[in-house]
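Shown next: upload.cif, given as mmCIF, C-alpha atoms.
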```cif
data_protein
#
loop_
_atom_site.group_PDB
_atom_site.id
_atom_site.type_symbol
_atom_site.label_atom_id
_atom_site.label_comp_id
_atom_site.auth_asym_id
_atom_site.auth_seq_id
_atom_site.Cartn_x
_atom_site.Cartn_y
_atom_site.Cartn_z
ATOM 1 C CA MET A 110 -63.969 -56.256 -50.451
ATOM 2 C CA LEU A 111 -66.116 -53.613 -52.167
ATOM 3 C CA ARG A 112 -66.476 -55.778 -55.282
ATOM 4 C CA ALA A 113 -67.482 -58.672 -53.038
ATOM 5 C CA CYS A 114 -70.098 -56.466 -51.364
ATOM 6 C CA LEU A 115 -71.520 -55.510 -54.753
ATOM 7 C CA ARG A 116 -71.885 -59.173 -55.659
ATOM 8 C CA LEU A 117 -73.667 -59.954 -52.372
ATOM 9 C CA LEU A 118 -76.210 -57.141 -52.711
ATOM 10 C CA ARG A 119 -79.399 -57.613 -54.671
ATOM 11 C CA PRO A 120 -79.931 -55.171 -57.536
ATOM 12 C CA ALA A 121 -80.659 -51.713 -56.063
ATOM 13 C CA GLY A 122 -79.339 -52.896 -52.689
ATOM 14 C CA ARG A 123 -77.349 -50.385 -50.706
ATOM 15 C CA THR A 124 -74.173 -50.233 -48.674
ATOM 16 C CA ALA A 125 -73.351 -47.653 -46.021
ATOM 17 C CA PHE A 126 -70.161 -47.574 -44.038
ATOM 18 C CA HIS A 127 -67.804 -45.490 -41.955
ATOM 19 C CA THR A 128 -64.125 -45.312 -42.676
ATOM 20 C CA ILE A 129 -61.081 -43.445 -41.436
ATOM 21 C CA HIS A 130 -58.720 -42.074 -44.075
ATOM 22 C CA LEU A 131 -55.930 -39.623 -44.658
ATOM 23 C CA ALA A 132 -56.735 -36.082 -45.732
ATOM 24 C CA ASP A 133 -55.979 -35.010 -49.282
ATOM 25 C CA GLY A 134 -52.925 -32.997 -50.211
ATOM 26 C CA LEU A 135 -50.597 -34.061 -47.412
ATOM 27 C CA THR A 136 -46.854 -33.689 -47.571
ATOM 28 C CA ARG A 137 -44.811 -36.889 -47.296
ATOM 29 C CA ALA A 138 -44.041 -36.171 -43.663
ATOM 30 C CA GLN A 139 -47.702 -35.484 -42.889
ATOM 31 C CA HIS A 140 -48.706 -38.657 -44.741
ATOM 32 C CA ARG A 141 -46.248 -40.692 -42.652
ATOM 33 C CA ARG A 142 -47.470 -39.139 -39.396
ATOM 34 C CA GLY A 143 -51.123 -39.690 -40.302
ATOM 35 C CA ALA A 144 -50.497 -43.283 -41.394
ATOM 36 C CA ARG A 145 -48.676 -44.053 -38.114
ATOM 37 C CA ALA A 146 -51.433 -42.480 -36.000
ATOM 38 C CA GLY A 147 -54.343 -44.115 -37.811
ATOM 39 C CA PRO A 148 -55.576 -47.692 -38.305
ATOM 40 C CA VAL A 149 -53.402 -50.149 -40.203
ATOM 41 C CA ALA A 150 -54.871 -49.674 -43.690
ATOM 42 C CA VAL A 151 -55.619 -45.950 -43.402
ATOM 43 C CA ALA A 152 -53.127 -45.040 -46.113
ATOM 44 C CA CYS A 153 -55.464 -46.227 -48.853
ATOM 45 C CA SER A 154 -54.179 -45.202 -52.256
ATOM 46 C CA ARG A 155 -57.449 -43.862 -53.701
ATOM 47 C CA PRO A 156 -60.450 -42.020 -52.308
ATOM 48 C CA HIS A 157 -63.252 -44.352 -51.264
ATOM 49 C CA THR A 158 -65.661 -42.625 -53.653
ATOM 50 C CA GLN A 159 -63.381 -43.699 -56.518
ATOM 51 C CA LEU A 160 -62.990 -47.217 -55.141
ATOM 52 C CA LEU A 161 -66.769 -47.600 -54.916
ATOM 53 C CA GLY A 162 -67.198 -46.385 -58.473
ATOM 54 C CA ALA A 163 -64.456 -48.725 -59.698
ATOM 55 C CA ALA A 164 -66.178 -51.619 -57.936
ATOM 56 C CA GLY A 165 -69.384 -50.896 -59.861
ATOM 57 C CA PHE A 166 -71.419 -48.955 -57.313
ATOM 58 C CA VAL A 167 -73.554 -45.956 -58.297
ATOM 59 C CA ASP A 168 -75.153 -43.004 -56.463
ATOM 60 C CA VAL A 169 -72.057 -42.681 -54.307
ATOM 61 C CA ARG A 170 -72.310 -40.088 -51.537
ATOM 62 C CA GLU A 171 -69.780 -39.082 -48.901
ATOM 63 C CA THR A 172 -70.465 -37.227 -45.652
ATOM 64 C CA ASP A 173 -67.647 -35.872 -43.504
ATOM 65 C CA LEU A 174 -67.723 -37.111 -39.896
ATOM 66 C CA THR A 175 -64.355 -35.711 -38.796
ATOM 67 C CA PRO A 176 -65.591 -33.308 -36.078
ATOM 68 C CA GLU A 177 -67.439 -36.169 -34.372
ATOM 69 C CA PHE A 178 -64.395 -38.422 -34.873
ATOM 70 C CA ALA A 179 -62.330 -35.950 -32.848
ATOM 71 C CA SER A 180 -64.927 -35.583 -30.116
ATOM 72 C CA VAL A 181 -65.450 -39.353 -29.792
ATOM 73 C CA THR A 182 -61.693 -39.987 -29.637
ATOM 74 C CA ARG A 183 -61.435 -37.366 -26.902
ATOM 75 C CA ALA A 184 -64.417 -38.900 -25.119
ATOM 76 C CA TRP A 185 -62.786 -42.357 -25.102
ATOM 77 C CA MET A 186 -59.657 -40.868 -23.550
ATOM 78 C CA GLU A 187 -61.534 -38.896 -20.907
ATOM 79 C CA SER A 188 -63.871 -41.713 -20.021
ATOM 80 C CA TYR A 189 -61.014 -44.204 -19.795
ATOM 81 C CA ASP A 190 -59.185 -41.851 -17.435
ATOM 82 C CA ALA A 191 -62.322 -41.432 -15.349
ATOM 83 C CA HIS A 192 -62.515 -45.219 -14.844
ATOM 84 C CA ARG A 193 -58.799 -45.905 -14.736
ATOM 85 C CA PRO A 194 -58.593 -48.193 -11.674
ATOM 86 C CA GLU A 195 -61.349 -50.531 -12.862
ATOM 87 C CA LEU A 196 -60.071 -50.588 -16.439
ATOM 88 C CA GLU A 197 -56.473 -51.196 -15.419
ATOM 89 C CA ALA A 198 -57.677 -54.102 -13.280
ATOM 90 C CA LEU A 199 -59.528 -55.561 -16.281
ATOM 91 C CA LEU A 200 -57.063 -54.820 -19.081
ATOM 92 C CA GLY A 201 -53.730 -54.576 -17.305
ATOM 93 C CA ARG A 202 -51.807 -51.366 -16.888
ATOM 94 C CA ASP A 203 -49.694 -51.785 -20.022
ATOM 95 C CA THR A 204 -52.741 -52.235 -22.265
ATOM 96 C CA PHE A 205 -54.511 -49.284 -20.656
ATOM 97 C CA VAL A 206 -51.506 -47.016 -21.133
ATOM 98 C CA ALA A 207 -50.924 -48.220 -24.703
ATOM 99 C CA ARG A 208 -54.536 -47.577 -25.741
ATOM 100 C CA GLN A 209 -54.499 -44.088 -24.284
ATOM 101 C CA ALA A 210 -51.239 -43.333 -26.086
ATOM 102 C CA GLU A 211 -52.738 -44.519 -29.395
ATOM 103 C CA ARG A 212 -55.782 -42.334 -28.879
ATOM 104 C CA ARG A 213 -53.643 -39.337 -27.975
ATOM 105 C CA SER A 214 -51.600 -39.802 -31.150
ATOM 106 C CA GLN A 215 -54.735 -40.238 -33.223
ATOM 107 C CA LEU A 216 -56.382 -37.149 -31.744
ATOM 108 C CA GLY A 217 -53.271 -35.127 -32.517
ATOM 109 C CA ALA A 218 -53.379 -36.312 -36.126
ATOM 110 C CA ILE A 219 -57.089 -35.458 -36.421
ATOM 111 C CA GLU A 220 -56.582 -32.004 -34.939
ATOM 112 C CA ALA A 221 -53.621 -31.449 -37.283
ATOM 113 C CA GLY A 222 -55.925 -32.135 -40.227
ATOM 114 C CA LEU A 223 -54.203 -35.379 -41.195
ATOM 115 C CA LEU A 224 -56.871 -37.967 -40.339
ATOM 116 C CA ARG A 225 -60.501 -37.754 -41.365
ATOM 117 C CA ARG A 226 -63.566 -39.971 -41.070
ATOM 118 C CA SER A 227 -66.433 -40.289 -43.492
ATOM 119 C CA MET A 228 -69.725 -42.023 -44.080
ATOM 120 C CA LEU A 229 -70.038 -43.484 -47.588
ATOM 121 C CA VAL A 230 -73.335 -44.589 -49.087
ATOM 122 C CA ALA A 231 -73.666 -46.297 -52.447
ATOM 123 C CA SER A 232 -76.042 -48.544 -54.372
ATOM 124 C CA ARG A 233 -75.766 -51.541 -56.617
ATOM 125 C CA PRO A 234 -77.250 -50.705 -60.035
ATOM 126 C CA MET B 1415 -57.897 -71.421 -40.789
ATOM 127 C CA ALA B 1416 -54.732 -70.465 -42.683
ATOM 128 C CA PRO B 1417 -53.341 -66.999 -41.944
ATOM 129 C CA GLU B 1418 -54.355 -64.475 -44.572
ATOM 130 C CA GLY B 1419 -53.859 -60.832 -45.347
ATOM 131 C CA THR B 1420 -50.790 -58.729 -44.885
ATOM 132 C CA LYS B 1421 -48.609 -58.966 -41.799
ATOM 133 C CA ALA B 1422 -50.091 -55.710 -40.497
ATOM 134 C CA GLU B 1423 -53.630 -57.049 -41.022
ATOM 135 C CA ARG B 1424 -52.774 -60.268 -39.176
ATOM 136 C CA GLN B 1425 -51.302 -58.232 -36.310
ATOM 137 C CA THR B 1426 -54.469 -56.136 -36.200
ATOM 138 C CA LEU B 1427 -56.559 -59.299 -36.120
ATOM 139 C CA ASP B 1428 -54.437 -60.668 -33.265
ATOM 140 C CA ARG B 1429 -55.004 -57.427 -31.354
ATOM 141 C CA PHE B 1430 -58.754 -57.677 -31.824
ATOM 142 C CA ILE B 1431 -58.756 -61.348 -30.843
ATOM 143 C CA ALA B 1432 -56.929 -60.376 -27.649
ATOM 144 C CA ARG B 1433 -59.298 -57.439 -27.086
ATOM 145 C CA TYR B 1434 -62.447 -59.499 -27.480
ATOM 146 C CA GLY B 1435 -60.982 -62.229 -25.280
ATOM 147 C CA VAL B 1436 -61.168 -59.840 -22.330
ATOM 148 C CA GLY B 1437 -64.595 -59.674 -20.759
ATOM 149 C CA GLN B 1438 -66.559 -56.568 -20.009
ATOM 150 C CA ASN B 1439 -67.446 -55.093 -16.647
ATOM 151 C CA GLU B 1440 -69.435 -52.226 -15.226
ATOM 152 C CA ALA B 1441 -66.667 -49.799 -16.059
ATOM 153 C CA THR B 1442 -66.468 -50.790 -19.740
ATOM 154 C CA ARG B 1443 -70.242 -50.531 -20.025
ATOM 155 C CA ALA B 1444 -70.236 -47.122 -18.340
ATOM 156 C CA VAL B 1445 -67.475 -45.926 -20.668
ATOM 157 C CA GLU B 1446 -69.298 -47.138 -23.768
ATOM 158 C CA LEU B 1447 -72.544 -45.551 -22.630
ATOM 159 C CA ALA B 1448 -70.795 -42.228 -22.083
ATOM 160 C CA VAL B 1449 -68.863 -42.316 -25.371
ATOM 161 C CA ILE B 1450 -71.141 -44.132 -27.830
ATOM 162 C CA GLY B 1451 -74.539 -43.601 -26.240
ATOM 163 C CA GLY B 1452 -75.334 -47.296 -25.882
ATOM 164 C CA ASP B 1453 -73.894 -50.513 -24.436
ATOM 165 C CA TRP B 1454 -73.829 -52.854 -27.430
ATOM 166 C CA GLY B 1455 -70.177 -53.819 -27.128
ATOM 167 C CA ALA B 1456 -68.838 -51.046 -29.339
ATOM 168 C CA ASN B 1457 -65.180 -50.111 -29.114
ATOM 169 C CA GLY B 1458 -64.796 -47.783 -32.108
ATOM 170 C CA TYR B 1459 -66.052 -44.410 -33.260
ATOM 171 C CA THR B 1460 -69.613 -45.015 -34.482
ATOM 172 C CA THR B 1461 -72.000 -43.399 -32.027
ATOM 173 C CA LEU B 1462 -75.606 -44.408 -31.474
ATOM 174 C CA ALA B 1463 -76.745 -41.356 -33.428
ATOM 175 C CA GLN B 1464 -74.471 -42.294 -36.331
ATOM 176 C CA ALA B 1465 -75.749 -45.878 -36.258
ATOM 177 C CA ASP B 1466 -79.283 -44.515 -36.511
ATOM 178 C CA VAL B 1467 -78.272 -42.557 -39.606
ATOM 179 C CA LEU B 1468 -76.818 -45.735 -41.116
ATOM 180 C CA GLY B 1469 -80.125 -47.469 -40.519
ATOM 181 C CA GLN B 1470 -82.021 -44.630 -42.175
ATOM 182 C CA VAL B 1471 -79.843 -44.403 -45.280
ATOM 183 C CA LEU B 1472 -79.981 -48.176 -45.707
ATOM 184 C CA GLY B 1473 -83.769 -48.096 -45.529
ATOM 185 C CA LEU B 1474 -83.906 -50.877 -42.937
ATOM 186 C CA GLU B 1475 -87.310 -52.283 -42.044
ATOM 187 C CA PRO B 1476 -88.836 -55.658 -41.143
ATOM 188 C CA GLY B 1477 -87.841 -58.157 -43.809
ATOM 189 C CA THR B 1478 -84.683 -56.327 -44.880
ATOM 190 C CA ARG B 1479 -81.680 -58.658 -45.025
ATOM 191 C CA LEU B 1480 -78.684 -56.872 -43.492
ATOM 192 C CA LEU B 1481 -75.045 -57.997 -43.462
ATOM 193 C CA ASP B 1482 -72.684 -56.404 -40.922
ATOM 194 C CA LEU B 1483 -69.039 -56.951 -41.872
ATOM 195 C CA GLY B 1484 -66.493 -56.807 -39.060
ATOM 196 C CA SER B 1485 -69.373 -56.722 -36.602
ATOM 197 C CA GLY B 1486 -67.331 -57.369 -33.455
ATOM 198 C CA ARG B 1487 -69.759 -58.028 -30.607
ATOM 199 C CA GLY B 1488 -72.647 -56.922 -32.818
ATOM 200 C CA TRP B 1489 -72.193 -53.216 -33.252
ATOM 201 C CA PRO B 1490 -73.987 -51.821 -35.138
ATOM 202 C CA GLY B 1491 -75.674 -54.740 -36.903
ATOM 203 C CA LEU B 1492 -77.324 -56.276 -33.853
ATOM 204 C CA TYR B 1493 -78.558 -52.882 -32.665
ATOM 205 C CA LEU B 1494 -79.934 -52.108 -36.146
ATOM 206 C CA ALA B 1495 -81.730 -55.464 -36.290
ATOM 207 C CA LYS B 1496 -83.331 -54.801 -32.891
ATOM 208 C CA ARG B 1497 -84.302 -51.233 -33.780
ATOM 209 C CA HIS B 1498 -85.629 -51.823 -37.299
ATOM 210 C CA GLY B 1499 -86.952 -55.370 -37.111
ATOM 211 C CA CYS B 1500 -84.759 -56.565 -39.971
ATOM 212 C CA THR B 1501 -82.788 -59.804 -40.180
ATOM 213 C CA ALA B 1502 -79.037 -59.522 -39.770
ATOM 214 C CA VAL B 1503 -75.954 -61.612 -40.302
ATOM 215 C CA LEU B 1504 -73.030 -60.587 -38.109
ATOM 216 C CA SER B 1505 -69.703 -61.490 -39.640
ATOM 217 C CA ASP B 1506 -66.188 -61.227 -38.190
ATOM 218 C CA LEU B 1507 -63.123 -63.322 -37.360
ATOM 219 C CA PRO B 1508 -62.658 -63.131 -33.564
ATOM 220 C CA VAL B 1509 -64.890 -65.964 -32.395
ATOM 221 C CA GLU B 1510 -65.206 -64.493 -28.878
ATOM 222 C CA ALA B 1511 -66.735 -61.365 -30.388
ATOM 223 C CA LEU B 1512 -69.307 -63.408 -32.315
ATOM 224 C CA ARG B 1513 -70.122 -65.419 -29.175
ATOM 225 C CA ALA B 1514 -70.767 -62.174 -27.294
ATOM 226 C CA GLY B 1515 -73.002 -60.968 -30.125
ATOM 227 C CA ALA B 1516 -74.949 -64.217 -30.164
ATOM 228 C CA ALA B 1517 -75.471 -64.011 -26.397
ATOM 229 C CA ARG B 1518 -76.704 -60.446 -26.686
ATOM 230 C CA ALA B 1519 -79.054 -61.449 -29.532
ATOM 231 C CA ARG B 1520 -80.591 -64.087 -27.232
ATOM 232 C CA ALA B 1521 -80.910 -61.537 -24.427
ATOM 233 C CA GLU B 1522 -82.612 -59.101 -26.808
ATOM 234 C CA LYS B 1523 -84.897 -61.894 -28.075
ATOM 235 C CA VAL B 1524 -83.837 -61.396 -31.688
ATOM 236 C CA SER B 1525 -81.765 -64.539 -32.170
ATOM 237 C CA GLY B 1526 -84.434 -65.929 -34.461
ATOM 238 C CA ARG B 1527 -83.523 -63.312 -37.064
ATOM 239 C CA VAL B 1528 -79.872 -62.559 -36.205
ATOM 240 C CA GLY B 1529 -77.149 -65.044 -37.161
ATOM 241 C CA SER B 1530 -73.368 -65.075 -36.921
ATOM 242 C CA VAL B 1531 -70.781 -66.195 -39.456
ATOM 243 C CA LEU B 1532 -67.105 -66.597 -38.701
ATOM 244 C CA ALA B 1533 -65.555 -65.177 -41.848
ATOM 245 C CA SER B 1534 -62.919 -62.810 -43.102
ATOM 246 C CA ALA B 1535 -64.060 -59.835 -45.177
ATOM 247 C CA ARG B 1536 -61.629 -61.137 -47.790
ATOM 248 C CA HIS B 1537 -63.553 -64.390 -48.241
ATOM 249 C CA LEU B 1538 -67.278 -63.973 -47.678
ATOM 250 C CA PRO B 1539 -69.161 -67.295 -47.812
ATOM 251 C CA PHE B 1540 -72.466 -66.023 -49.165
ATOM 252 C CA THR B 1541 -74.241 -66.484 -52.483
ATOM 253 C CA PRO B 1542 -74.763 -63.500 -54.786
ATOM 254 C CA ASP B 1543 -77.789 -61.284 -54.208
ATOM 255 C CA SER B 1544 -78.079 -62.504 -50.576
ATOM 256 C CA PHE B 1545 -78.543 -59.111 -48.938
ATOM 257 C CA ASP B 1546 -80.563 -55.923 -49.270
ATOM 258 C CA ALA B 1547 -78.074 -53.891 -47.265
ATOM 259 C CA ILE B 1548 -74.462 -54.126 -46.127
ATOM 260 C CA VAL B 1549 -72.964 -52.100 -43.292
ATOM 261 C CA HIS B 1550 -69.478 -51.881 -41.854
ATOM 262 C CA THR B 1551 -67.753 -49.413 -39.562
ATOM 263 C CA ASP B 1552 -64.016 -48.698 -39.739
ATOM 264 C CA VAL B 1553 -63.284 -52.034 -41.448
ATOM 265 C CA LEU B 1554 -61.704 -50.782 -44.685
ATOM 266 C CA CYS B 1555 -59.136 -48.707 -42.777
#
```
Full structure transcribed into structure tokens:
Amino acid sequence: MLRACLRLLRPAGRTAFHTIHLADGLTRAQHRRGARAGPVAVACSRPHTQLLGAAGFVDVRETDLTPEFASVTRAWMESYDAHRPELEALLGRDTFVARQAERRSQLGAIEAGLLRRSMLVASRP
Amino acid sequence: MAPEGTKAERQTLDRFIARYGVGQNEATRAVELAVIGGDWGANGYTTLAQADVLGQVLGLEPGTRLLDLGSGRGWPGLYLAKRHGCTAVLSDLPVEALRAGAARARAEKVSGRVGSVLASARHLPFTPDSFDAIVHTDVLC
């Protein structure tokens, strides 16, 4: 996808994106826990800065957004709980409960230092 | 459209199709406002403040051609187009999400410069050099 983005950008065009990823230096057990708690493709094999470089991008910059990632995950949980009756009526109880469980698992993985979120910015030469 | 991607990716797509098939109500809007800081149909982790930073680093302004990959209901691409006056193409697979984005673009009176394309990020139907800026939030993961 990154190579496709490079092709679609005009010369000197820029891409900026957010992505969730596993922290560096995890044990196998931590890696498994983080991968289970995060989105489906979170266990990307290489850092996104490397992937961008390999795709041909330059001026690659990464900014850590993990503290906000934790606070927003917590905010989703709290706000969902605050509106539980209306949301259960809309989504169904099973979906409501499942989403909250996913968020709880994800928040645990963030707070354990397993999951991180970053902003990446890069340019086409 | 033939199924594509890994089994896990197809399952994720099915989940999003189901998610976007459910409408919104006052409660979902109140939740999004409290969590994200806006009510643009967001359901992820990019806050309004973070979307504003994306707009700044991309240098968006009137005339900029922006592509939002995995745009969902239009977050953040539609918001960025409204805020910065740029053109935007919203691209995703769940058609209900794109319909919601198109409706919001009409409501915001920006549909003349915001379009929607039903496309997978694996197969983008655009010619080279089509865009000045490309944004996506939590699509690669």
So what does the PyMOL selection byres ((chain B) within 9 of (chain A)) actually pick up in this one, as a PyMOL selection string? chain B and resi 1422-1423+1426+1433+1436-1442+1444-1446+1448-1450+1458-1461+1468-1469+1471-1473+1535-1538+1540-1555
Given the choices A:Ala138, A:Ala144, A:Ala132, A:Val169, which gets closest to Gln215 in chain A if the distance is worked out from all atoms listed in the file? A:Ala144
Mind pulling up the distance from CA of Gln1470 in chain B to CA of Gly162 in chain A?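 So the answer is 22.1 Å.
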What does the structure give for the distance between CA of Leu1504 in chain B and CA of Ala1456 in chain B, in Å to one decimal? 13.6 Å
Just want the 12 Å neighbourhood of Ser1530 in chain B, counted on all atoms listed in the file, with same-chain residues fewer than 5 positions away dropped. Output as an MDAnalysis selection string. chainID B and resid 1480:1488 1491:1492 1501:1519 1525 1539
Would you export the selected residues with C-alpha atoms as a PDB file, keeping the file's coordinate frame, please?
```pdb
ATOM      1  CA  LEU B1480     -78.684 -56.872 -43.492  1.00  0.00           C
ATOM      2  CA  LEU B1481     -75.045 -57.997 -43.462  1.00  0.00           C
ATOM      3  CA  ASP B1482     -72.684 -56.404 -40.922  1.00  0.00           C
ATOM      4  CA  LEU B1483     -69.039 -56.951 -41.872  1.00  0.00           C
ATOM      5  CA  GLY B1484     -66.493 -56.807 -39.060  1.00  0.00           C
ATOM      6  CA  SER B1485     -69.373 -56.722 -36.602  1.00  0.00           C
ATOM      7  CA  GLY B1486     -67.331 -57.369 -33.455  1.00  0.00           C
ATOM      8  CA  ARG B1487     -69.759 -58.028 -30.607  1.00  0.00           C
ATOM      9  CA  GLY B1488     -72.647 -56.922 -32.818  1.00  0.00           C
ATOM     10  CA  GLY B1491     -75.674 -54.740 -36.903  1.00  0.00           C
ATOM     11  CA  LEU B1492     -77.324 -56.276 -33.853  1.00  0.00           C
ATOM     12  CA  THR B1501     -82.788 -59.804 -40.180  1.00  0.00           C
ATOM     13  CA  ALA B1502     -79.037 -59.522 -39.770  1.00  0.00           C
ATOM     14  CA  VAL B1503     -75.954 -61.612 -40.302  1.00  0.00           C
ATOM     15  CA  LEU B1504     -73.030 -60.587 -38.109  1.00  0.00           C
ATOM     16  CA  SER B1505     -69.703 -61.490 -39.640  1.00  0.00           C
ATOM     17  CA  ASP B1506     -66.188 -61.227 -38.190  1.00  0.00           C
ATOM     18  CA  LEU B1507     -63.123 -63.322 -37.360  1.00  0.00           C
ATOM     19  CA  PRO B1508     -62.658 -63.131 -33.564  1.00  0.00           C
ATOM     20  CA  VAL B1509     -64.890 -65.964 -32.395  1.00  0.00           C
ATOM     21  CA  GLU B1510     -65.206 -64.493 -28.878  1.00  0.00           C
ATOM     22  CA  ALA B1511     -66.735 -61.365 -30.388  1.00  0.00           C
ATOM     23  CA  LEU B1512     -69.307 -63.408 -32.315  1.00  0.00           C
ATOM     24  CA  ARG B1513     -70.122 -65.419 -29.175  1.00  0.00           C
ATOM     25  CA  ALA B1514     -70.767 -62.174 -27.294  1.00  0.00           C
ATOM     26  CA  GLY B1515     -73.002 -60.968 -30.125  1.00  0.00           C
ATOM     27  CA  ALA B1516     -74.949 -64.217 -30.164  1.00  0.00           C
ATOM     28  CA  ALA B1517     -75.471 -64.011 -26.397  1.00  0.00           C
ATOM     29  CA  ARG B1518     -76.704 -60.446 -26.686  1.00  0.00           C
ATOM     30  CA  ALA B1519     -79.054 -61.449 -29.532  1.00  0.00           C
ATOM     31  CA  SER B1525     -81.765 -64.539 -32.170  1.00  0.00           C
ATOM     32  CA  PRO B1539     -69.161 -67.295 -47.812  1.00  0.00           C
TER      33      PRO B1539
END
```
Ranking A:Pro156, A:Gly165, A:Pro176, A:Gly134 by minimum distance to Ile219 in chain A and counting all atoms listed in the file, which one comes first?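 Of the candidates, the smallest distance to Ile219 in chain A is held by A:Pro176.
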Atom pair CA of Leu161 in chain A / CA of Arg112 in chain A: separation (Å):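 Distance reported for this atom pair: 8.2 Å.
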Here's the selection I'm unsure about, the PyMOL selection byres ((chain B and resi 1495) around 9); applied to the file above, which residues does it give, as a VMD selection string? chain B and resid 1474 to 1476 1480 1490 to 1494 1496 to 1502 1524 1527 to 1528
Given the choices A:Asp203, A:Leu135, A:Asp173, A:Ala146, which gets closest to Leu216 in chain A if the distance is worked out from only C-alpha atoms?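 Counting only C-alpha atoms, the residue closest to Leu216 in chain A is A:Ala146.
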Nearest-residue call for Val167 in chain A, choices A:Arg155, A:Arg141, A:Pro234, A:Phe205, using all atoms listed in the file: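 Ranked by minimum distance to Val167 in chain A, first place goes to A:Pro234.
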Shortest contact to Gly222 in chain A, candidates A:Ala164, A:Glu197, A:Arg145, A:Thr175, atoms counted all atoms listed in the file, goes to A:Thr175
Reconstruct all heavy atoms of range 1458-1463 of chain B from the incomplete input and present them as a PDB file, keeping the file's coordinate frame.
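Result file is selection_35.pdb:
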```
ATOM      1  N   GLY B1458     -65.331 -48.637 -31.056  1.00  0.00           N
ATOM      2  CA  GLY B1458     -64.796 -47.783 -32.108  1.00  0.00           C
ATOM      3  C   GLY B1458     -65.366 -46.388 -32.040  1.00  0.00           C
ATOM      4  O   GLY B1458     -65.509 -45.824 -30.953  1.00  0.00           O
ATOM      5  N   TYR B1459     -65.708 -45.826 -33.175  1.00  0.00           N
ATOM      6  CA  TYR B1459     -66.052 -44.410 -33.260  1.00  0.00           C
ATOM      7  C   TYR B1459     -67.471 -44.147 -33.759  1.00  0.00           C
ATOM      8  O   TYR B1459     -67.869 -42.997 -33.895  1.00  0.00           O
ATOM      9  CB  TYR B1459     -65.032 -43.688 -34.154  1.00  0.00           C
ATOM     10  CG  TYR B1459     -63.636 -43.937 -33.669  1.00  0.00           C
ATOM     11  CD1 TYR B1459     -62.859 -44.927 -34.231  1.00  0.00           C
ATOM     12  CD2 TYR B1459     -63.142 -43.233 -32.578  1.00  0.00           C
ATOM     13  CE1 TYR B1459     -61.586 -45.209 -33.727  1.00  0.00           C
ATOM     14  CE2 TYR B1459     -61.882 -43.494 -32.073  1.00  0.00           C
ATOM     15  CZ  TYR B1459     -61.117 -44.484 -32.653  1.00  0.00           C
ATOM     16  OH  TYR B1459     -59.877 -44.761 -32.149  1.00  0.00           O
ATOM     17  N   THR B1460     -68.238 -45.186 -34.020  1.00  0.00           N
ATOM     18  CA  THR B1460     -69.613 -45.015 -34.482  1.00  0.00           C
ATOM     19  C   THR B1460     -70.529 -44.855 -33.283  1.00  0.00           C
ATOM     20  O   THR B1460     -70.720 -45.788 -32.507  1.00  0.00           O
ATOM     21  CB  THR B1460     -70.046 -46.214 -35.333  1.00  0.00           C
ATOM     22  OG1 THR B1460     -69.242 -46.271 -36.503  1.00  0.00           O
ATOM     23  CG2 THR B1460     -71.513 -46.087 -35.735  1.00  0.00           C
ATOM     24  N   THR B1461     -71.094 -43.665 -33.132  1.00  0.00           N
ATOM     25  CA  THR B1461     -72.000 -43.399 -32.027  1.00  0.00           C
ATOM     26  C   THR B1461     -73.382 -43.944 -32.332  1.00  0.00           C
ATOM     27  O   THR B1461     -73.697 -44.309 -33.476  1.00  0.00           O
ATOM     28  CB  THR B1461     -72.116 -41.892 -31.792  1.00  0.00           C
ATOM     29  OG1 THR B1461     -72.695 -41.301 -32.964  1.00  0.00           O
ATOM     30  CG2 THR B1461     -70.755 -41.258 -31.520  1.00  0.00           C
ATOM     31  N   LEU B1462     -74.227 -43.957 -31.304  1.00  0.00           N
ATOM     32  CA  LEU B1462     -75.606 -44.408 -31.474  1.00  0.00           C
ATOM     33  C   LEU B1462     -76.312 -43.558 -32.526  1.00  0.00           C
ATOM     34  O   LEU B1462     -77.019 -44.071 -33.399  1.00  0.00           O
ATOM     35  CB  LEU B1462     -76.345 -44.327 -30.142  1.00  0.00           C
ATOM     36  CG  LEU B1462     -77.630 -45.141 -30.066  1.00  0.00           C
ATOM     37  CD1 LEU B1462     -77.298 -46.586 -29.738  1.00  0.00           C
ATOM     38  CD2 LEU B1462     -78.569 -44.577 -29.025  1.00  0.00           C
ATOM     39  N   ALA B1463     -76.097 -42.260 -32.456  1.00  0.00           N
ATOM     40  CA  ALA B1463     -76.745 -41.356 -33.428  1.00  0.00           C
ATOM     41  C   ALA B1463     -76.269 -41.675 -34.849  1.00  0.00           C
ATOM     42  O   ALA B1463     -77.059 -41.656 -35.801  1.00  0.00           O
ATOM     43  CB  ALA B1463     -76.439 -39.906 -33.071  1.00  0.00           C
TER      44      ALA B1463
END
```
